[in-house]
Amino acid sequence: MHFFQLFLLQIVDTTATQSIALPTTKLTFFELMLKGGVIMIPLLILSIIAFALIIERWLAISNLTKVEANFFNNIKSMLSNGNVRGAQDFAESNNSSIGKVIAEGIRYIGYPYSEIETYMSDTANIELGKMESKLNYLGIIAGIAPMLGFVGTIAGIIKIFYNISVTDNISIGVISGGLYEKMIASGSGLIVGIFAFIGNQLLQSKIDSYALKLQEMVKSFRSVLLQKA
């Protein structure tokens with residue numbers, strides 16, 4: 001009986017020893033990113049470029065779309081009073097896309113309405129083109145970043161299986177440890193791609209909304225010319 005009790009105590013002691021949790025190593029965000037491998041360098045560069053492009057384009061578009069509250073009413077008042085030159089100077093001084101489009105229309109007052117609209121539409125397209133410049137780079141980043149991350153993961157998996165073939169060590173720890181490090185590259189690539197895609201869509205939506213505003217302004221200007229005639 002005494003021997004049996006000692007045997008049970010030995011089992012409990014062994015089980016307790018095995019159940020003691022191994023100390024876990026906590027990694028900082030920077031250390032975790034470093035474990036993604038060399039592919040993290042181009043991904044970091046792409047993320048910086050995407051962020052800079054989004055900020056630069058947002059500021060540029062905001063500057064081009066900025067217009068005074070009573071801008072068109074002032075233009076309308078000047079044209080109604082026959083002050084064509086003053087209206088053109090006022091439109092050009094606004095230094096916005098709408099100002100340039102309206103100034104182009106005023107410049108050709110006296111021409112057929114269809115020609116005036118054509119000149120204004122051409123100017124509007126040029127201004128919209130200025131806003132859309134560089135947005136294609138965001139599209140490229142949105143497409144290439146996830147693929148770069150995937151390449152990093154595949155390269156890491158190849159390295160894991162190569163090490164297994166050399167060392168004959170097929171332990172779960174070796175496989176999972178190396179695999180989670182390489183999955184960081186895929187996750188980072190997806191994050192950069194999503195960030196660039198969202199930024200591109202937000203900027204494009206801002207431009208599309210302004211394009212409608214330009215069309216409405218061209219129609220309103222045509223109405224002013226018809227009333228003046």
# chains A, B, ... in the order shown; residues from 1 in each chain; ligands from 1

$ residues_around --residues "region 65-79 of chain A" --least-positions-apart "2" --cutoff "8 Å" --atoms "only C-alpha atoms" --output "list in words"
Ile61, Ser62, Asn63, Asn81, Gly82, Asn83, Val84, Gly86, Ala87, Phe90, Ala91, Asn94, Ser96, Ser97, Ile98, Gly99, Tyr210, Val224 and Lys228 of chain A

$ write_last_selection --atoms "C-alpha atoms" --output "CSV table (one decimal), in the first residue's frame"
chain,number,residue,atom,x,y,z
A,61,ILE,CA,-6.9,68.0,-55.3
A,62,SER,CA,-8.2,70.0,-52.4
A,63,ASN,CA,-6.3,73.0,-53.6
A,81,ASN,CA,-23.6,94.2,-66.3
A,82,GLY,CA,-21.5,93.7,-69.4
A,83,ASN,CA,-18.2,93.6,-67.6
A,84,VAL,CA,-16.8,90.7,-69.6
A,86,GLY,CA,-13.7,91.9,-65.2
A,87,ALA,CA,-15.4,88.5,-65.1
A,90,PHE,CA,-11.9,87.4,-61.6
A,91,ALA,CA,-12.2,83.8,-62.9
A,94,ASN,CA,-9.5,82.3,-58.5
A,96,SER,CA,-9.0,76.8,-59.2
A,97,SER,CA,-10.1,74.3,-61.8
A,98,ILE,CA,-13.6,75.8,-61.9
A,99,GLY,CA,-12.0,79.3,-62.3
A,210,TYR,CA,-15.8,67.3,-58.6
A,224,VAL,CA,-26.1,82.7,-68.1
A,228,LYS,CA,-27.3,87.6,-71.6

$ residues_around --residues "Ala196 (chain A)" --least-positions-apart "3" --cutoff "9 Å" --atoms "only C-alpha atoms" --output "PyMOL selection string"
chain A and resi 47+50-51+54+138-143+191-193+199-201

$ atom_distance --atom1 "CA of Ile207 (chain A)" --atom2 "CA of Met120 (chain A)"
17.3 Å

$ atom_distance --atom1 "CA of Leu148 (chain A)" --atom2 "CA of Ala52 (chain A)"
20.0 Å

$ atom_distance --atom1 "CA of Lys206 (chain A)" --atom2 "CA of Ile49 (chain A)"
20.4 Å

$ closest_residue --among "A:Ile160, A:Ala185, A:Ala124, A:Ala103" --to "Gly37 (chain A)" --atoms "only C-alpha atoms"
A:Ala185
